[in-house]
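J.: Here's a structure for you.
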Amino acid sequence: MDPNIPRWVCQSCRHALHVINVDSKNDKFFSNPSCSGMEASTVQGSVMGSSQVDHSFVVLPRSTTPQPDSSHSAKVVTESFVVLPPAAASMYRSESTPEGRGSQEQVQGESPSSGLQVNDPRFNSSKILKRVFNIATSQTQVEQPICLECIRLLSDKLLEEVEDVNQDIEAYESCLQRFEMESDDVLSEADFLQEKTKIEEEERRLQVEIEEIEKQRLEANAELNEIQMKCKEFEELEERYWHEFNSFQFQLISHQEERDALLAKIEVSQAHLELLKRINVLTDAFSISHEGEFGTINNFRLGRLPKMRVEWDEINAAWGQACLLLHTMAQHFRPKFLYRIKILPMGSYPLILDNNNNAYQLFGPVNLFWSSRYDKATTLFLTCLKEFAEFANLKDQENNTPPEKCFRLPYKIENDNVGNYTITHSFNKQENWTKALKYTLCNLKWVQLWFVANSSFQPLSAHADVPVMRSSHAKQSADPRS
């Protein structure tokens with residue numbers, strides 16, 4: 001196919017168009033002007049005589065010379081259609097006018113380098129079709145050429161528009177007829193003026209109502225703005241309230257947790273206090289027990305055996321604890337208890353005062369020269385313990401305690417004997433001396449239990465009455481002697 005030959009495309013769907021059987025009539029339009037004009041007028045008359053523009057078209061007849069090019073034999077179509085507007089046929093007249101000839105001469109004057117010449121039938125066919133399409137485009141305001149399918153769609157659309165226009169025309173004609181029928185009833189001048197006055201009064205009344213409504217609208221807007229401001233203030237107040245509420249809630253939870261912690265501590269303290277109330281100080285401070293043949297107080301053994309030589313320091317510490325316990329109980333019941341024999345607890349070096357305030361050392365080691373004073377101290381301690389036991393018995397009798405339940409010592413004390421064993425160290429077997437000391441601690445334990453059950457003990461004050469011993473014995477040497 002020659003590339004210089006124009007290729008026609010449908011301007012709507014962009015499909016290729018093939019226009020055939022045009023070359024057979026080209027020579028008539030260019031060689032015979034009369035024929036050209038006649039046929040042009042025939043086409044124009046046929047087109048202009050049509051009542052519907054959308055169905056006007058030019059039929060290019062089948063070629064009478066059956067000599068088609070072999071290369072285009074497969075593309076021969078029986079008929080080709082081109083849509084023409086009412087003035088499309090005027091292009092044939094333009095070929096016979098001076099303007100048409102001028103254009104033809106202009107085409108003939110083109111450069112010889114172009115692919116098609118003026119005398120070439122293909123050039124004439126392309127020229128004619130191009131003119132036809134240009135005129136059709138300018139008249140229909142639709143890009144040409146268009147295929148038959150697109151023509152049908154366009155035709156249906158145009159028919160719908162025509163139908164809409166016809167309906168509008170009918171509506172206008174109906175309104176016009178109604179208006180013509182009502183035009184006979186014309187108001188008089190007086191009635192017109194009266195109606196005008198009434199309408200003006202109605203207008204003024206409506207204007208007043210509009211002004212009143214506008215005033216109410218402004219008042220409503222002002223009230224709305226005020227309400228919005230109050231609403232905003234209320235929202236801020238609410239937000240501040242919730243912040244304060246959350247803060248207070250947090251503080252309340254903290255205080256409740258602190259209160260619960262304090263209550264738990266108080267409960268534990270009360271339970272501990274009740275436990276302490278049931279515990280006497282003397283019971284915990286002075287633990288009297290025994291360890292084999294030895295009596296013990298606070299784990300200090302009191303006594304000596306040939307096979308178990310207890311150090312004098314431990315014996316002195318045990319005597320010091322026993323003296324402190326007996327002195328504390330006796331001091332608590334003064335002045336009811338006649339504290340005739342005084343005990344001076346001085347740690348591991350206690351002293352015992354007789355009725356004449358003579359002091360005797362109750363600590364060792366004991367030798368031949370000091371044994372009598374040591375024996376006197378142990379005897380005085382045993383006498384003091386006996387006197388306190390008798391005071392406990394009298395106290396039970398005063399409280400109407402049955403005789404069989406009144407306090408008695410488990411081991412009887414007579415002078416320097418306790419449970420038939422002498423407590424003196426001189427000229428005494430160590431086994432007997434140790435057993436006497438064990439019985440003494442046992443009696444002291446019984447006195448301690450009676451004291452705990454019959455008194456609410458409080459520690460001694462700093463102003464407790466302390467006996468004064470003679471000056472001649474105040475500075476006696478406490479150095480140990482073998």
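As shown in the structure tokens, the chain order sets the letters A, B, ...; within each chain, residues go from 1, and ligands are also counted from 1 in the order they appear.
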Identify, on the basis of only C-alpha atoms, every residue whose closest approach to region 368-381 of chain A does not exceed 9 Å; exclude the query and any residue fewer than 3 positions from it along the same chain; express the result as a PyMOL selection string.
T.: chain A and resi 323+326+341-343+351-354+359-365+384-386+415-417+423-426+481
J.: List every residue of region 352-465 of chain A that DSSP, applied to the backbone of this structure, assigns to alpha helix (DSSP H), and report them as JSON, numbers by chain.
T.: {"A": [371, 372, 373, 374, 375, 376, 377, 378, 379, 380, 381, 382, 383, 384, 385, 386, 387, 388, 389, 390, 391, 392, 393, 394, 395, 396, 397, 398, 430, 431, 432, 433, 434, 435, 436, 437, 438, 439, 440, 441, 442, 443, 444, 445, 446, 447, 448, 449, 450, 451, 452, 453]}
J.: May I have the selected residues written with N, CA and C atoms, as a compact mmCIF listing (two decimals), in the first residue's frame?
T.:
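Wrote it out as again.txt, contents follow:
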# COMPACT_ATOMS: atom_id res chain seq x y z
N SER A 371 36.88 -18.45 154.64
CA SER A 371 35.77 -19.39 154.52
C SER A 371 34.63 -19.07 155.49
N SER A 372 34.96 -18.57 156.69
CA SER A 372 33.90 -18.27 157.66
C SER A 372 33.00 -17.14 157.16
N ARG A 373 33.59 -16.10 156.60
CA ARG A 373 32.80 -14.98 156.09
C ARG A 373 31.96 -15.42 154.88
N TYR A 374 32.52 -16.27 154.06
CA TYR A 374 31.77 -16.77 152.90
C TYR A 374 30.60 -17.62 153.36
N ASP A 375 30.85 -18.50 154.38
CA ASP A 375 29.78 -19.34 154.92
C ASP A 375 28.68 -18.49 155.55
N LYS A 376 29.09 -17.38 156.25
CA LYS A 376 28.11 -16.48 156.87
C LYS A 376 27.24 -15.83 155.78
N ALA A 377 27.83 -15.47 154.66
CA ALA A 377 27.08 -14.83 153.57
C ALA A 377 26.06 -15.80 152.97
N THR A 378 26.49 -17.07 152.78
CA THR A 378 25.54 -18.03 152.21
C THR A 378 24.40 -18.33 153.18
N THR A 379 24.72 -18.35 154.49
CA THR A 379 23.67 -18.59 155.48
C THR A 379 22.69 -17.45 155.52
N LEU A 380 23.21 -16.19 155.45
CA LEU A 380 22.33 -15.02 155.45
C LEU A 380 21.43 -15.02 154.19
N PHE A 381 21.98 -15.41 153.05
CA PHE A 381 21.16 -15.48 151.81
C PHE A 381 20.04 -16.49 151.98
N LEU A 382 20.37 -17.66 152.62
CA LEU A 382 19.35 -18.69 152.82
C LEU A 382 18.29 -18.19 153.81
N THR A 383 18.70 -17.40 154.84
CA THR A 383 17.73 -16.86 155.81
C THR A 383 16.81 -15.87 155.13
N CYS A 384 17.38 -15.02 154.28
CA CYS A 384 16.55 -14.04 153.55
C CYS A 384 15.55 -14.74 152.65
N LEU A 385 15.97 -15.80 151.99
CA LEU A 385 15.05 -16.54 151.12
C LEU A 385 13.93 -17.16 151.95
N LYS A 386 14.27 -17.68 153.14
CA LYS A 386 13.25 -18.28 154.00
C LYS A 386 12.24 -17.23 154.43
N GLU A 387 12.73 -16.04 154.84
CA GLU A 387 11.83 -14.97 155.27
C GLU A 387 10.88 -14.54 154.14
N PHE A 388 11.37 -14.48 152.92
CA PHE A 388 10.50 -14.09 151.80
C PHE A 388 9.46 -15.18 151.53
N ALA A 389 9.84 -16.46 151.69
CA ALA A 389 8.87 -17.55 151.51
C ALA A 389 7.77 -17.48 152.57
N GLU A 390 8.14 -17.15 153.84
CA GLU A 390 7.13 -17.00 154.88
C GLU A 390 6.22 -15.82 154.57
N PHE A 391 6.77 -14.74 154.02
CA PHE A 391 5.94 -13.59 153.63
C PHE A 391 4.95 -13.99 152.51
N ALA A 392 5.39 -14.82 151.59
CA ALA A 392 4.49 -15.28 150.52
C ALA A 392 3.37 -16.13 151.09
N ASN A 393 3.66 -16.95 152.06
CA ASN A 393 2.62 -17.76 152.67
C ASN A 393 1.59 -16.90 153.37
N LEU A 394 2.04 -15.87 154.10
CA LEU A 394 1.12 -14.96 154.77
C LEU A 394 0.27 -14.20 153.76
N LYS A 395 0.87 -13.86 152.65
CA LYS A 395 0.14 -13.13 151.60
C LYS A 395 -0.98 -13.99 151.03
N ASP A 396 -0.73 -15.27 150.85
CA ASP A 396 -1.79 -16.15 150.36
C ASP A 396 -2.89 -16.31 151.40
N GLN A 397 -2.52 -16.36 152.65
CA GLN A 397 -3.54 -16.47 153.69
C GLN A 397 -4.41 -15.22 153.73
N GLU A 398 -3.79 -14.07 153.53
CA GLU A 398 -4.59 -12.83 153.50
C GLU A 398 -5.56 -12.83 152.33
N GLN A 430 32.19 -31.50 148.67
CA GLN A 430 31.78 -30.72 147.51
C GLN A 430 30.46 -31.24 146.93
N GLU A 431 30.25 -32.58 147.01
CA GLU A 431 29.00 -33.12 146.49
C GLU A 431 27.82 -32.60 147.30
N ASN A 432 27.95 -32.61 148.67
CA ASN A 432 26.85 -32.13 149.51
C ASN A 432 26.64 -30.62 149.32
N TRP A 433 27.75 -29.89 149.24
CA TRP A 433 27.65 -28.43 149.04
C TRP A 433 26.97 -28.11 147.71
N THR A 434 27.33 -28.84 146.68
CA THR A 434 26.72 -28.61 145.36
C THR A 434 25.24 -28.94 145.38
N LYS A 435 24.86 -30.04 146.10
CA LYS A 435 23.45 -30.39 146.14
C LYS A 435 22.67 -29.37 146.95
N ALA A 436 23.24 -28.83 148.02
CA ALA A 436 22.56 -27.80 148.80
C ALA A 436 22.33 -26.55 147.94
N LEU A 437 23.33 -26.20 147.15
CA LEU A 437 23.16 -25.03 146.27
C LEU A 437 22.07 -25.29 145.21
N LYS A 438 21.98 -26.52 144.71
CA LYS A 438 20.95 -26.85 143.73
C LYS A 438 19.57 -26.73 144.35
N TYR A 439 19.41 -27.21 145.63
CA TYR A 439 18.12 -27.08 146.29
C TYR A 439 17.78 -25.61 146.57
N THR A 440 18.80 -24.82 146.86
CA THR A 440 18.57 -23.39 147.09
C THR A 440 18.02 -22.73 145.83
N LEU A 441 18.62 -23.03 144.66
CA LEU A 441 18.11 -22.47 143.41
C LEU A 441 16.71 -22.96 143.09
N CYS A 442 16.41 -24.20 143.47
CA CYS A 442 15.06 -24.72 143.24
C CYS A 442 14.04 -23.95 144.08
N ASN A 443 14.38 -23.69 145.38
CA ASN A 443 13.48 -22.87 146.20
C ASN A 443 13.33 -21.47 145.62
N LEU A 444 14.42 -20.91 145.12
CA LEU A 444 14.37 -19.57 144.53
C LEU A 444 13.49 -19.56 143.27
N LYS A 445 13.49 -20.66 142.52
CA LYS A 445 12.63 -20.76 141.35
C LYS A 445 11.17 -20.74 141.75
N TRP A 446 10.83 -21.44 142.85
CA TRP A 446 9.44 -21.47 143.31
C TRP A 446 9.00 -20.09 143.79
N VAL A 447 9.89 -19.41 144.47
CA VAL A 447 9.56 -18.04 144.90
C VAL A 447 9.34 -17.13 143.68
N GLN A 448 10.16 -17.30 142.66
CA GLN A 448 10.02 -16.49 141.44
C GLN A 448 8.65 -16.73 140.79
N LEU A 449 8.22 -18.00 140.70
CA LEU A 449 6.93 -18.30 140.08
C LEU A 449 5.77 -17.71 140.89
N TRP A 450 5.88 -17.78 142.23
CA TRP A 450 4.83 -17.15 143.05
C TRP A 450 4.80 -15.65 142.83
N PHE A 451 5.97 -15.03 142.73
CA PHE A 451 6.06 -13.59 142.53
C PHE A 451 5.42 -13.19 141.20
N VAL A 452 5.68 -13.94 140.14
CA VAL A 452 5.10 -13.62 138.82
C VAL A 452 3.59 -13.75 138.86
N ALA A 453 3.07 -14.74 139.59
CA ALA A 453 1.62 -14.95 139.60
C ALA A 453 0.89 -13.98 140.50
J.: Quick check, in Å to one decimal: how far apart do CA of Ser348 (chain A) and CA of Leu324 (chain A) lie?
T.: 10.3 Å
J.: Would you mind reading off the distance between CA of Gln139 (chain A) and CA of Leu158 (chain A), one decimal, in Å?
T.: 14.9 Å
J.: Might you pull out every residue within 7 Å of Ala317 (chain A), with only C-alpha atoms counted and same-chain residues fewer than 3 positions away left off, and present them as a list in words?
T.: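 Near neighbours after the sequence-gap exclusion: Phe300, Asp313, Glu314, Gly320, Gln321, Gly347 and Ser348 of chain A.
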J.: At what distance in Å, to one decimal, does CA of Val310 (chain A) lie from CA of Thr283 (chain A)?
T.: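 For CA of Thr283 (chain A) relative to CA of Val310 (chain A), the distance reads 25.4 Å.
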